[in-house]
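Engineer: This is the content of protein.cif (mmCIF, C-alpha atoms and all ligand atoms):
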```cif
data_data
#
loop_
_atom_site.label_atom_id
_atom_site.label_comp_id
_atom_site.auth_asym_id
_atom_site.auth_seq_id
_atom_site.Cartn_x
_atom_site.Cartn_y
_atom_site.Cartn_z
CA MET A 1 -13.24 -20.08 24.29
CA ASN A 2 -11.08 -22.45 22.36
CA MET A 3 -9.61 -22.15 18.89
CA TYR A 4 -10.38 -25.74 17.92
CA ASP A 5 -14.15 -25.13 18.30
CA LEU A 6 -13.97 -21.90 16.33
CA ILE A 7 -12.10 -23.59 13.46
CA VAL A 8 -14.64 -26.42 13.29
CA ARG A 9 -17.59 -24.01 13.38
CA LYS A 10 -16.11 -21.90 10.59
CA LYS A 11 -15.27 -25.02 8.55
CA ARG A 12 -18.96 -26.01 8.74
CA GLY A 13 -20.04 -22.60 7.44
CA GLY A 14 -20.95 -20.97 10.77
CA ALA A 15 -20.31 -17.34 11.71
CA LEU A 16 -18.03 -16.07 14.49
CA THR A 17 -19.25 -13.48 16.98
CA LYS A 18 -17.48 -10.18 17.65
CA GLU A 19 -16.30 -11.50 21.04
CA GLU A 20 -14.87 -14.63 19.40
CA ILE A 21 -13.08 -12.62 16.70
CA ASP A 22 -11.65 -10.20 19.30
CA TRP A 23 -10.47 -13.16 21.43
CA MET A 24 -8.91 -14.93 18.43
CA ILE A 25 -7.02 -11.84 17.22
CA ARG A 26 -5.85 -10.89 20.72
CA ASN A 27 -4.54 -14.38 21.45
CA TYR A 28 -2.95 -14.86 18.03
CA THR A 29 -1.15 -11.50 18.30
CA SER A 30 0.20 -12.40 21.74
CA GLY A 31 1.39 -15.81 20.51
CA LYS A 32 -1.08 -17.92 22.52
CA ILE A 33 -2.77 -19.25 19.38
CA PRO A 34 -0.16 -21.04 17.25
CA ASP A 35 0.36 -20.49 13.51
CA TYR A 36 -0.93 -23.97 12.65
CA GLN A 37 -4.36 -23.29 14.16
CA MET A 38 -4.55 -19.85 12.58
CA SER A 39 -3.57 -21.38 9.21
CA ALA A 40 -6.48 -23.81 9.52
CA MET A 41 -8.82 -20.93 10.33
CA MET A 42 -7.57 -18.89 7.35
CA MET A 43 -8.10 -21.87 5.04
CA ALA A 44 -11.60 -22.46 6.42
CA ILE A 45 -12.40 -18.77 5.75
CA CYS A 46 -11.07 -19.16 2.19
CA PHE A 47 -13.53 -22.00 1.62
CA VAL A 48 -16.65 -20.73 3.40
CA GLY A 49 -16.16 -16.94 3.57
CA MET A 50 -17.27 -14.42 6.18
CA THR A 51 -20.36 -12.25 6.53
CA ASP A 52 -20.07 -8.44 6.20
CA GLU A 53 -20.49 -8.23 9.98
CA GLU A 54 -17.64 -10.68 10.60
CA THR A 55 -15.41 -8.83 8.10
CA LYS A 56 -16.04 -5.52 9.87
CA ASP A 57 -15.40 -7.10 13.30
CA LEU A 58 -12.18 -8.72 12.04
CA THR A 59 -10.99 -5.40 10.59
CA LEU A 60 -11.60 -3.50 13.81
CA ALA A 61 -10.02 -6.23 15.95
CA MET A 62 -6.89 -6.14 13.77
CA ALA A 63 -6.80 -2.32 13.60
CA HIS A 64 -6.84 -2.20 17.43
CA SER A 65 -4.36 -5.06 17.93
CA GLY A 66 -1.62 -2.46 18.50
CA ASP A 67 -1.32 1.30 18.49
CA VAL A 68 -3.65 3.49 16.48
CA LEU A 69 -1.65 6.49 15.31
CA ASP A 70 -2.85 9.90 16.32
CA LEU A 71 -1.84 12.11 13.43
CA SER A 72 -3.41 15.26 14.83
CA ALA A 73 0.10 16.76 15.14
CA ILE A 74 0.26 16.80 11.33
CA HIS A 75 -1.32 19.86 9.74
CA GLY A 76 -3.83 19.41 6.96
CA ILE A 77 -5.85 16.51 5.59
CA LYS A 78 -3.67 13.39 5.71
CA VAL A 79 -4.04 11.01 2.76
CA ASP A 80 -3.08 7.38 2.33
CA LYS A 81 -3.29 4.92 -0.56
CA HIS A 82 -3.26 1.14 -0.81
CA SER A 83 -3.35 -1.39 -3.62
CA THR A 84 -4.93 -4.81 -3.37
CA GLY A 85 -1.82 -6.17 -5.07
CA GLY A 86 -0.64 -6.76 -8.58
CA VAL A 87 2.28 -7.70 -10.79
CA GLY A 88 4.70 -4.88 -11.58
CA ASP A 89 2.64 -2.60 -9.36
CA LYS A 90 5.13 0.11 -8.42
CA THR A 91 2.40 2.78 -8.25
CA SER A 92 3.04 3.87 -4.65
CA LEU A 93 6.71 4.56 -5.36
CA VAL A 94 5.67 7.28 -7.81
CA LEU A 95 2.33 8.35 -6.38
CA ALA A 96 3.32 9.04 -2.77
CA PRO A 97 6.17 11.51 -3.52
CA LEU A 98 4.20 13.00 -6.41
CA VAL A 99 1.21 13.87 -4.22
CA ALA A 100 3.57 15.04 -1.43
CA SER A 101 5.19 17.39 -3.95
CA LEU A 102 1.92 19.38 -3.99
CA GLY A 103 2.30 19.90 -0.24
CA VAL A 104 -0.26 17.21 0.65
CA PRO A 105 0.66 15.23 3.81
CA VAL A 106 1.09 11.62 2.64
CA ALA A 107 1.13 9.36 5.69
CA LYS A 108 1.36 5.89 4.21
CA MET A 109 1.55 2.45 5.65
CA SER A 110 2.77 -0.26 3.28
CA GLY A 111 3.29 -4.00 3.15
CA ARG A 112 5.74 -6.56 1.81
CA GLY A 113 5.25 -8.89 -1.15
CA LEU A 114 2.26 -11.19 -0.85
CA GLY A 115 1.76 -14.36 -2.89
CA HIS A 116 2.66 -13.64 -6.52
CA THR A 117 2.41 -9.85 -6.00
CA GLY A 118 5.16 -7.47 -4.92
CA GLY A 119 5.16 -5.11 -1.92
CA THR A 120 6.24 -1.47 -1.59
CA ILE A 121 8.47 -2.11 1.44
CA ASP A 122 10.50 -4.82 -0.28
CA LYS A 123 10.92 -2.54 -3.30
CA LEU A 124 12.08 0.40 -1.19
CA GLU A 125 14.64 -1.79 0.55
CA SER A 126 16.49 -1.87 -2.80
CA PHE A 127 18.03 1.39 -1.48
CA SER A 128 20.83 0.47 0.89
CA GLY A 129 20.08 1.61 4.44
CA PHE A 130 16.42 2.40 3.75
CA SER A 131 14.14 1.66 6.71
CA THR A 132 10.39 1.63 7.17
CA SER A 133 10.72 0.96 10.92
CA LEU A 134 9.77 4.48 11.95
CA SER A 135 8.68 5.39 15.44
CA PRO A 136 5.40 7.33 15.56
CA GLU A 137 7.46 10.49 16.31
CA GLU A 138 9.70 10.00 13.26
CA PHE A 139 6.68 9.23 11.08
CA ILE A 140 4.93 12.44 12.15
CA ARG A 141 8.12 14.53 11.93
CA ASN A 142 8.85 13.38 8.37
CA VAL A 143 5.31 14.07 7.18
CA ASN A 144 5.45 17.53 8.74
CA GLN A 145 8.88 18.31 7.28
CA ILE A 146 8.84 16.76 3.80
CA HIS A 147 5.12 15.82 3.46
CA ILE A 148 5.80 12.09 3.14
CA ALA A 149 6.57 9.04 5.26
CA ILE A 150 6.07 5.36 4.46
CA ALA A 151 6.01 3.01 7.43
CA GLY A 152 5.91 -0.75 7.75
CA GLN A 153 4.08 -2.48 10.56
CA THR A 154 7.04 -2.45 12.90
CA ALA A 155 5.85 0.53 14.92
CA ASN A 156 3.26 -1.74 16.59
CA LEU A 157 0.66 -0.71 14.03
CA ALA A 158 -1.87 -3.47 13.29
CA PRO A 159 0.55 -6.20 14.51
CA ALA A 160 -2.19 -8.82 14.01
CA ASP A 161 -2.15 -8.07 10.28
CA LYS A 162 1.63 -8.20 10.23
CA LYS A 163 1.53 -11.78 11.57
CA LEU A 164 -1.44 -12.86 9.51
CA TYR A 165 -0.05 -11.31 6.33
CA ALA A 166 3.19 -13.31 6.65
CA LEU A 167 1.20 -16.46 7.43
CA ARG A 168 -1.24 -16.05 4.52
CA ASP A 169 1.67 -15.36 2.18
CA VAL A 170 3.01 -18.90 2.61
CA THR A 171 -0.18 -20.90 3.24
CA GLY A 172 -2.11 -20.17 0.04
CA THR A 173 -4.71 -18.11 1.92
CA VAL A 174 -4.36 -14.69 0.33
CA ASP A 175 -7.11 -14.53 -2.28
CA GLN A 176 -10.20 -14.23 -0.08
CA MET A 177 -12.26 -11.07 -0.08
CA SER A 178 -12.84 -10.69 3.68
CA LEU A 179 -9.20 -11.44 4.46
CA ILE A 180 -7.96 -8.88 1.94
CA ALA A 181 -10.49 -6.23 3.03
CA SER A 182 -9.68 -6.64 6.73
CA SER A 183 -5.92 -6.76 6.10
CA ILE A 184 -5.92 -3.54 4.09
CA MET A 185 -8.47 -1.59 6.08
CA SER A 186 -7.01 -2.53 9.49
CA LYS A 187 -3.70 -0.98 8.41
CA LYS A 188 -5.41 2.07 6.99
CA LEU A 189 -7.47 2.64 10.14
CA ALA A 190 -4.46 2.11 12.44
CA SER A 191 -2.26 4.52 10.53
CA GLY A 192 -4.65 7.37 11.11
CA ALA A 193 -5.06 9.11 7.72
CA ASP A 194 -8.23 11.14 7.07
CA ALA A 195 -8.68 10.18 3.42
CA ILE A 196 -7.84 6.92 1.68
CA VAL A 197 -7.60 6.05 -2.02
CA LEU A 198 -7.73 2.32 -2.77
CA ASP A 199 -6.42 0.82 -6.00
CA VAL A 200 -8.43 -2.37 -6.40
CA LYS A 201 -6.87 -4.54 -9.06
CA THR A 202 -8.81 -6.94 -11.23
CA GLY A 203 -7.68 -9.47 -13.83
CA ASP A 204 -5.35 -12.44 -14.07
CA GLY A 205 -2.52 -10.82 -12.07
CA ALA A 206 -4.83 -9.69 -9.24
CA PHE A 207 -6.26 -11.65 -6.33
CA MET A 208 -9.72 -10.74 -7.62
CA LYS A 209 -9.72 -12.19 -11.12
CA GLU A 210 -13.31 -11.16 -11.92
CA LEU A 211 -14.57 -7.59 -12.07
CA SER A 212 -17.63 -8.56 -9.99
CA ASP A 213 -15.37 -9.81 -7.15
CA ALA A 214 -13.17 -6.70 -7.35
CA ARG A 215 -16.31 -4.55 -7.15
CA ALA A 216 -17.53 -6.45 -4.07
CA LEU A 217 -14.11 -6.03 -2.42
CA ALA A 218 -14.04 -2.32 -3.27
CA ARG A 219 -17.55 -1.81 -1.83
CA GLU A 220 -16.67 -3.73 1.34
CA MET A 221 -13.53 -1.63 1.95
CA VAL A 222 -15.27 1.67 1.17
CA SER A 223 -18.08 0.73 3.53
CA ILE A 224 -15.72 -0.25 6.40
CA GLY A 225 -13.72 2.97 5.92
CA THR A 226 -16.84 5.13 5.77
CA LEU A 227 -18.20 3.55 8.97
CA ALA A 228 -14.90 4.47 10.63
CA GLY A 229 -15.36 8.11 9.54
CA LYS A 230 -12.82 8.12 6.68
CA ASP A 231 -13.22 9.64 3.23
CA VAL A 232 -12.60 6.64 0.93
CA THR A 233 -12.53 6.16 -2.84
CA ALA A 234 -11.76 2.88 -4.59
CA VAL A 235 -10.47 2.91 -8.17
CA ILE A 236 -10.82 -0.47 -9.89
CA SER A 237 -7.92 -0.86 -12.33
CA ASP A 238 -6.78 -3.41 -14.86
CA MET A 239 -4.35 -6.18 -13.87
CA ASP A 240 -4.72 -8.36 -16.95
CA GLN A 241 -1.12 -7.55 -17.78
CA PRO A 242 1.75 -6.28 -15.62
CA LEU A 243 1.71 -2.53 -14.92
CA GLY A 244 4.57 -0.92 -16.86
CA TYR A 245 7.29 -3.26 -18.10
CA ALA A 246 9.39 -4.12 -15.03
CA VAL A 247 8.51 -6.91 -12.56
CA GLY A 248 10.90 -7.44 -9.62
CA ASN A 249 11.94 -5.19 -6.77
CA ALA A 250 14.96 -3.13 -7.92
CA LEU A 251 13.84 -3.30 -11.57
CA GLU A 252 10.54 -1.71 -10.56
CA VAL A 253 12.31 0.99 -8.58
CA LYS A 254 14.23 1.95 -11.73
CA GLU A 255 11.00 2.20 -13.74
CA ALA A 256 9.42 4.26 -10.96
CA ILE A 257 12.39 6.67 -11.04
CA ASP A 258 11.95 7.11 -14.82
CA THR A 259 8.27 7.87 -14.26
CA LEU A 260 9.08 10.37 -11.50
CA LYS A 261 11.30 12.13 -14.02
CA GLY A 262 8.45 12.52 -16.51
CA GLN A 263 9.38 9.48 -18.57
CA GLY A 264 8.29 5.90 -17.85
CA PRO A 265 5.46 3.77 -19.23
CA ALA A 266 2.17 5.40 -20.22
CA ASP A 267 -0.06 3.03 -18.18
CA LEU A 268 1.86 3.62 -14.96
CA ARG A 269 1.85 7.39 -15.48
CA GLU A 270 -1.88 7.40 -16.19
CA LEU A 271 -2.76 5.31 -13.12
CA VAL A 272 -0.64 7.53 -10.90
CA LEU A 273 -2.34 10.64 -12.30
CA VAL A 274 -5.84 9.22 -11.75
CA LEU A 275 -5.14 8.12 -8.15
CA GLY A 276 -3.15 11.29 -7.44
CA THR A 277 -6.01 13.47 -8.65
CA TYR A 278 -8.35 11.90 -6.06
CA MET A 279 -5.76 12.29 -3.32
CA ALA A 280 -5.01 15.92 -4.16
CA VAL A 281 -8.68 16.91 -4.34
CA LYS A 282 -9.54 15.09 -1.08
CA ALA A 283 -6.66 16.89 0.64
CA GLY A 284 -7.81 20.27 -0.71
CA ALA A 285 -4.62 20.86 -2.74
CA ALA A 286 -6.69 21.60 -5.83
CA ALA A 287 -10.19 22.92 -6.26
CA ASP A 288 -11.19 20.42 -8.93
CA PRO A 289 -9.89 17.27 -10.68
CA GLU A 290 -8.69 19.14 -13.80
CA THR A 291 -6.50 21.52 -11.78
CA ALA A 292 -5.18 18.63 -9.67
CA ARG A 293 -4.19 16.62 -12.73
CA LYS A 294 -2.44 19.61 -14.30
CA LEU A 295 -0.44 20.26 -11.11
CA LEU A 296 0.53 16.59 -10.90
CA GLU A 297 1.63 16.48 -14.55
CA GLU A 298 3.75 19.59 -14.05
CA SER A 299 5.39 18.07 -10.99
CA LEU A 300 6.34 14.90 -12.88
CA ASP A 301 7.62 16.79 -15.92
CA SER A 302 9.57 19.44 -13.99
CA GLY A 303 11.49 16.98 -11.75
CA LYS A 304 9.74 18.31 -8.61
CA ALA A 305 8.23 14.89 -7.82
CA PHE A 306 11.62 13.23 -8.26
CA SER A 307 13.27 15.67 -5.90
CA VAL A 308 10.68 14.85 -3.17
CA PHE A 309 11.33 11.13 -3.80
CA ARG A 310 15.06 11.72 -3.30
CA GLN A 311 14.46 13.61 -0.05
CA PHE A 312 12.14 10.84 1.16
CA ILE A 313 14.73 8.10 0.47
CA GLN A 314 17.33 10.09 2.38
CA ALA A 315 14.98 10.90 5.29
CA GLN A 316 14.34 7.17 5.83
CA GLY A 317 18.04 6.27 5.82
CA GLY A 318 18.41 5.25 2.16
CA ASN A 319 21.25 6.20 -0.15
CA PRO A 320 19.95 8.99 -2.44
CA SER A 321 22.78 8.55 -4.96
CA GLN A 322 21.09 5.30 -5.97
CA ALA A 323 18.11 7.44 -7.01
CA ASP A 324 20.40 9.73 -9.04
CA GLN A 325 22.22 6.77 -10.56
CA PRO A 326 19.78 3.82 -10.68
CA GLU A 327 22.59 1.65 -12.08
CA LEU A 328 23.84 1.55 -8.44
CA LEU A 329 20.70 -0.35 -7.38
CA PRO A 330 20.98 -4.16 -7.03
CA LEU A 331 21.61 -5.71 -10.45
CA ALA A 332 21.36 -9.44 -11.23
CA PRO A 333 24.45 -10.97 -12.86
CA TYR A 334 22.57 -12.89 -15.60
CA GLN A 335 20.30 -11.31 -18.20
CA GLU A 336 18.72 -13.42 -20.88
CA GLU A 337 16.27 -12.55 -23.64
CA VAL A 338 13.21 -14.74 -24.17
CA PRO A 339 12.55 -15.17 -27.92
CA SER A 340 8.98 -15.23 -29.16
CA PRO A 341 7.87 -18.76 -30.04
CA ALA A 342 5.34 -17.39 -32.58
CA GLY A 343 4.47 -14.33 -34.62
CA GLY A 344 1.42 -12.09 -34.36
CA TYR A 345 -0.25 -9.63 -32.03
CA ILE A 346 0.01 -10.32 -28.28
CA SER A 347 -3.56 -11.15 -27.25
CA ASP A 348 -2.96 -12.24 -23.65
CA ILE A 349 -0.27 -12.34 -20.98
CA HIS A 350 -0.77 -14.78 -18.10
CA THR A 351 0.01 -12.17 -15.51
CA GLU A 352 -0.10 -14.25 -12.34
CA GLU A 353 2.38 -16.59 -14.00
CA ILE A 354 4.74 -13.63 -14.63
CA GLY A 355 4.56 -12.91 -10.88
CA ARG A 356 5.24 -16.59 -10.14
CA ILE A 357 8.27 -16.63 -12.44
CA CYS A 358 9.61 -13.66 -10.45
CA LEU A 359 9.10 -15.76 -7.26
CA LEU A 360 10.93 -18.68 -8.90
CA LEU A 361 13.88 -16.35 -9.56
CA GLY A 362 13.94 -15.45 -5.84
CA GLY A 363 12.04 -12.15 -5.97
CA GLY A 364 9.51 -13.24 -3.28
CA ARG A 365 9.27 -15.45 -0.20
CA ARG A 366 8.71 -19.20 -0.18
CA THR A 367 8.53 -19.43 3.62
CA LYS A 368 8.05 -16.72 6.25
CA GLU A 369 11.78 -16.69 6.94
CA SER A 370 13.17 -16.84 3.39
CA PRO A 371 15.19 -13.81 2.24
CA ILE A 372 14.35 -12.21 -1.10
CA ASP A 373 16.67 -11.30 -3.94
CA LEU A 374 15.99 -7.65 -4.77
CA SER A 375 17.90 -7.74 -8.06
CA VAL A 376 15.97 -10.42 -9.96
CA GLY A 377 12.90 -10.19 -12.15
CA ILE A 378 11.63 -9.68 -15.64
CA VAL A 379 11.54 -6.73 -17.99
CA LEU A 380 8.85 -7.16 -20.62
CA LYS A 381 9.62 -6.04 -24.14
CA LYS A 382 6.13 -6.76 -25.47
CA LYS A 383 2.75 -6.05 -23.94
CA LYS A 384 -0.82 -6.70 -25.05
CA GLY A 385 -1.56 -5.40 -28.51
CA ASP A 386 2.12 -5.25 -29.54
CA LYS A 387 3.23 -7.13 -32.62
CA ALA A 388 6.02 -9.71 -32.31
CA ALA A 389 7.93 -11.56 -35.03
CA PRO A 390 9.02 -15.15 -34.36
CA GLY A 391 12.31 -15.05 -32.42
CA GLU A 392 11.92 -11.38 -31.43
CA ALA A 393 12.50 -10.73 -27.69
CA LEU A 394 9.32 -10.90 -25.58
CA ALA A 395 11.12 -10.14 -22.31
CA VAL A 396 14.49 -10.12 -20.56
CA ILE A 397 14.96 -12.29 -17.47
CA HIS A 398 17.25 -11.00 -14.71
CA ALA A 399 18.60 -13.88 -12.61
CA SER A 400 21.17 -14.46 -9.90
CA ASP A 401 21.15 -18.23 -10.40
CA ALA A 402 21.85 -19.23 -14.02
CA SER A 403 20.39 -22.70 -13.46
CA LEU A 404 16.91 -21.13 -13.18
CA LEU A 405 17.08 -19.50 -16.62
CA PRO A 406 15.83 -22.45 -18.74
CA GLU A 407 12.65 -22.97 -16.67
CA ALA A 408 12.00 -19.22 -16.35
CA SER A 409 12.46 -18.74 -20.09
CA ARG A 410 10.21 -21.67 -21.04
CA ARG A 411 7.44 -20.51 -18.70
CA LEU A 412 7.72 -16.89 -19.85
CA ALA A 413 7.33 -17.81 -23.52
CA ALA A 414 4.31 -19.96 -22.58
CA ALA A 415 2.74 -17.03 -20.67
CA TYR A 416 2.22 -15.12 -23.94
CA GLU A 417 -0.67 -15.74 -26.35
CA PHE A 418 -0.81 -14.55 -29.94
CA SER A 419 -3.47 -13.64 -32.44
CA PRO A 420 -3.22 -12.86 -36.15
CA ASP A 421 -5.54 -9.86 -35.60
CA PRO A 422 -4.77 -6.44 -34.11
CA GLN A 423 -6.06 -6.17 -30.51
CA GLN A 424 -8.35 -3.57 -28.98
CA ASP A 425 -7.00 -1.39 -26.18
CA ILE A 426 -8.19 -2.52 -22.73
CA PRO A 427 -9.34 0.30 -20.44
CA LEU A 428 -6.92 0.84 -17.54
CA ILE A 429 -9.59 2.23 -15.20
CA LYS A 430 -12.67 0.04 -14.91
CA GLU A 431 -14.82 1.70 -12.24
CA ILE A 432 -14.72 4.16 -9.36
CA ILE A 433 -16.50 3.47 -6.06
CA ASP A 434 -16.80 6.37 -3.68
CA SER A 435 -18.02 6.88 -0.13
CA GLY A 436 -19.98 9.77 -1.61
CA ARG A 437 -18.73 12.47 0.75
N1 LIG B 501 -2.66 -6.00 0.47
C1 LIG B 501 -2.74 -6.15 1.82
O1 LIG B 501 -2.29 -5.31 2.58
N2 LIG B 501 -3.38 -7.23 2.29
C2 LIG B 501 -3.91 -8.18 1.51
O2 LIG B 501 -4.48 -9.12 2.01
C3 LIG B 501 -3.81 -8.02 0.10
C4 LIG B 501 -3.17 -6.92 -0.40
#
```
Any chance you could put this one into structure tokens?
Structural biologist:
Amino acid sequence: MNMYDLIVRKKRGGALTKEEIDWMIRNYTSGKIPDYQMSAMMMAICFVGMTDEETKDLTLAMAHSGDVLDLSAIHGIKVDKHSTGGVGDKTSLVLAPLVASLGVPVAKMSGRGLGHTGGTIDKLESFSGFSTSLSPEEFIRNVNQIHIAIAGQTANLAPADKKLYALRDVTGTVDQMSLIASSIMSKKLASGADAIVLDVKTGDGAFMKELSDARALAREMVSIGTLAGKDVTAVISDMDQPLGYAVGNALEVKEAIDTLKGQGPADLRELVLVLGTYMAVKAGAAADPETARKLLEESLDSGKAFSVFRQFIQAQGGNPSQADQPELLPLAPYQEEVPSPAGGYISDIHTEEIGRICLLLGGGRRTKESPIDLSVGIVLKKKKGDKAAPGEALAVIHASDASLLPEASRRLAAAYEFSPDPQQDIPLIKEIIDSGR
């Protein structure tokens, strides 16, 4: 087999066989297929797509490109969660310790920032010393002891996705349904959880801008997971504005800490409660959704969820005093308000652009090797439906490089749209797709 022929076939709209996909993933993971050929293949897939059969074969090839964790040493039904990616999406930071606080084993595998969206691992690295490079033994021990562990892909879990993820991040090849489905589900299958809750984002800040595409992605992932014997639910949620107010790694950690202490933005809290309810019921921690939600609310409001978060940071090498005193987290030296260029009700926020402004400030990667600045980002002051007077602050930019402020400020003001009329609330949860088990 040769990669050149496969690229040309895919470019012309042909399908790849299971053997070809297995060969391609095996040889890319081992370094025999170079990045430039894989980039061409990813771009061809972006243009012509993959069949359901190819997507399933790609997922399984990536899931088996390294170790598949055997979590049978963990007692109980292990749950995992994954988001398809959004702007200001700090859900996992709150959700994982919250669900663990009910005694549910949360065995989670996370990723780094991708394209204009942030990643849980980058966010967690705002805590000095924090590591997601857990050996399988450490991962299992932590879940058994404190009910939660979050690993990156360093423990030889789905290494093909690790390489492809970093490549897609910098080659404009993220927003393709089969590539997203296989990336997410390969990690979920390799990390061995019994039940998986997927947060499929839709809207301007998501990779799937249209609800119909988000629905197709959700169905594809639920179907792959079900075939592999997992209990999977996909919640389709709104990403037509950032989740919460903070966008940027350490800024999002601070907002997550507020939420874990029973404060925090209403949309983030609601999303966490909806996803958490599914996770708790699947794991058998509550008999029905109403009881699960009540237990989760109590845990947020009593500080129980926060105390599990603190333990989790410490167990993975992070400094827990930064959780107690979030002002010790990385803080950018420059903070500048963005005045509203107009008056009226906010009718739209160009959410992908907010994510891109965060990248401009240094909050994401431009090349596979570039470091990220954990301190930078944006804190919105106004969201959809809010009223703004001309000159009133729309947002505050946090920057490490003052020379970036004028461009960031101009683009941020232009990302807001105004209407003279009050706006209707947009539903946060759009649809639920379940494996029906
Ligand atoms: N999250 C992932 O893990 N992979 C993608 O491709 C998109 C979001």
Engineer: Go through the chains and note each residue within 6 Å of ligand LIG 501 (chain B), using all atoms listed in the file, then give the set as number ranges by chain.
Structural biologist: A: 84-85, 111, 174, 179-180, 183-184
Engineer: Counting all atoms listed in the file, which residues of segment 42-74 of chain A sit at most 6 Å from some atom of segment 5-26 of chain A, and what is each one's closest atom pair with its distance in Å to one decimal, listed by chain and rising residue number, as a tab-separated table?
Structural biologist:
```
residue	atom	partner	partner_atom	distance
A:Ala44	CA	A:Lys11	CA	5.0
A:Val48	CA	A:Gly13	CA	5.6
A:Asp57	CA	A:Lys18	CA	5.7
A:Ala61	CA	A:Asp22	CA	5.4
```
Engineer: Show which residues sit within 10 Å of Pro326 of chain A, as a compact mmCIF listing (two decimals) with C-alpha atoms, in the frame of the given file. Count all atoms listed in the file, and ignore same-chain residues fewer than 6 positions away.
Structural biologist:
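This is the output file out_20.txt:
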```txt
# COMPACT_ATOMS: atom_id res chain seq x y z
CA PHE A 127 18.03 1.39 -1.48
CA ALA A 250 14.96 -3.13 -7.92
CA LEU A 251 13.84 -3.30 -11.57
CA VAL A 253 12.31 0.99 -8.58
CA LYS A 254 14.23 1.95 -11.73
CA GLU A 255 11.00 2.20 -13.74
CA ILE A 257 12.39 6.67 -11.04
CA ASP A 258 11.95 7.11 -14.82
CA PRO A 320 19.95 8.99 -2.44
```
Engineer: Please write as a PyMOL selection string the list of polymer residues whose atoms come within 12 Å of (-12.8, 5.3, 3.5), counting only C-alpha atoms and keeping to the coordinates of the file.
Structural biologist: chain A and resi 79-82+181+184-186+188-189+192-198+218-234+282+433-437
Engineer: I need the chosen residues saved as a short mmCIF file (atom, residue, chain, number, x, y, z; two decimals), keeping the file's coordinate frame, with C-alpha atoms.
Structural biologist:
```cif
data_model
loop_
_atom_site.label_atom_id
_atom_site.label_comp_id
_atom_site.auth_asym_id
_atom_site.auth_seq_id
_atom_site.Cartn_x
_atom_site.Cartn_y
_atom_site.Cartn_z
CA VAL A 79 -4.04 11.01 2.76
CA ASP A 80 -3.08 7.38 2.33
CA LYS A 81 -3.29 4.92 -0.56
CA HIS A 82 -3.26 1.14 -0.81
CA ALA A 181 -10.49 -6.23 3.03
CA ILE A 184 -5.92 -3.54 4.09
CA MET A 185 -8.47 -1.59 6.08
CA SER A 186 -7.01 -2.53 9.49
CA LYS A 188 -5.41 2.07 6.99
CA LEU A 189 -7.47 2.64 10.14
CA GLY A 192 -4.65 7.37 11.11
CA ALA A 193 -5.06 9.11 7.72
CA ASP A 194 -8.23 11.14 7.07
CA ALA A 195 -8.68 10.18 3.42
CA ILE A 196 -7.84 6.92 1.68
CA VAL A 197 -7.60 6.05 -2.02
CA LEU A 198 -7.73 2.32 -2.77
CA ALA A 218 -14.04 -2.32 -3.27
CA ARG A 219 -17.55 -1.81 -1.83
CA GLU A 220 -16.67 -3.73 1.34
CA MET A 221 -13.53 -1.63 1.95
CA VAL A 222 -15.27 1.67 1.17
CA SER A 223 -18.08 0.73 3.53
CA ILE A 224 -15.72 -0.25 6.40
CA GLY A 225 -13.72 2.97 5.92
CA THR A 226 -16.84 5.13 5.77
CA LEU A 227 -18.20 3.55 8.97
CA ALA A 228 -14.90 4.47 10.63
CA GLY A 229 -15.36 8.11 9.54
CA LYS A 230 -12.82 8.12 6.68
CA ASP A 231 -13.22 9.64 3.23
CA VAL A 232 -12.60 6.64 0.93
CA THR A 233 -12.53 6.16 -2.84
CA ALA A 234 -11.76 2.88 -4.59
CA LYS A 282 -9.54 15.09 -1.08
CA ILE A 433 -16.50 3.47 -6.06
CA ASP A 434 -16.80 6.37 -3.68
CA SER A 435 -18.02 6.88 -0.13
CA GLY A 436 -19.98 9.77 -1.61
CA ARG A 437 -18.73 12.47 0.75
#
```
Engineer: Could you jot down the atom CA of Met41 of chain A to atom CA of Ile357 of chain A separation for me, Å, one decimal place?
Structural biologist: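 Spanning atom CA of Met41 of chain A to atom CA of Ile357 of chain A is a straight-line distance of 28.8 Å.
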Engineer: Of the residues A:Ser135, A:Asn156, A:Gln176, A:Ser128, which is the one nearest to Met42 of chain A, using only C-alpha atoms?
Structural biologist: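 So, comparing all the options, the nearest one is A:Gln176.
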Engineer: Calculated over all atoms listed in the file, which of the candidates A:Pro242, A:Pro136, A:Gly76, A:Gly31 has the smallest distance to Leu428 of chain A?
Structural biologist: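 Nearest candidate to Leu428 of chain A out of A:Pro242, A:Pro136, A:Gly76, A:Gly31: A:Pro242.
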Engineer: Find the residue from A:Ile429, A:Met3, A:Val200, A:Val338 that sits nearest to Arg410 of chain A; use all atoms listed in the file when measuring.
Structural biologist: A:Val338
Engineer: Given the point (7.4, -6.9, -20.1) in the coordinates of this file, which residues lie within 7 Å, counting only C-alpha atoms, and how would they look as a PyMOL selection string?
Structural biologist: chain A and resi 245-246+378-383+395
Engineer: Give me, please, the distance in Å between atom CA of Asp324 of chain A and atom CA of Phe130 of chain A, quoted to one decimal.
Structural biologist: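 According to the coordinates, atom CA of Asp324 of chain A and atom CA of Phe130 of chain A are separated by 15.3 Å.
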Engineer: Neighbouring residues of Gly385 of chain A were defined as those with any atom within 12 Å, considering all atoms listed in the file; residues of the same chain fewer than 2 positions away were excluded. Please report them as a PyMOL selection string.
Structural biologist: chain A and resi 241+344-349+382-383+387-388+416-426
Engineer: Between A:Gly303, A:Ala151, A:Glu369, A:Glu327, which one has atoms that come closest to Val170 of chain A, using only C-alpha atoms?
Structural biologist: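 Residue with the minimum atom-to-atom distance to Val170 of chain A: A:Glu369.
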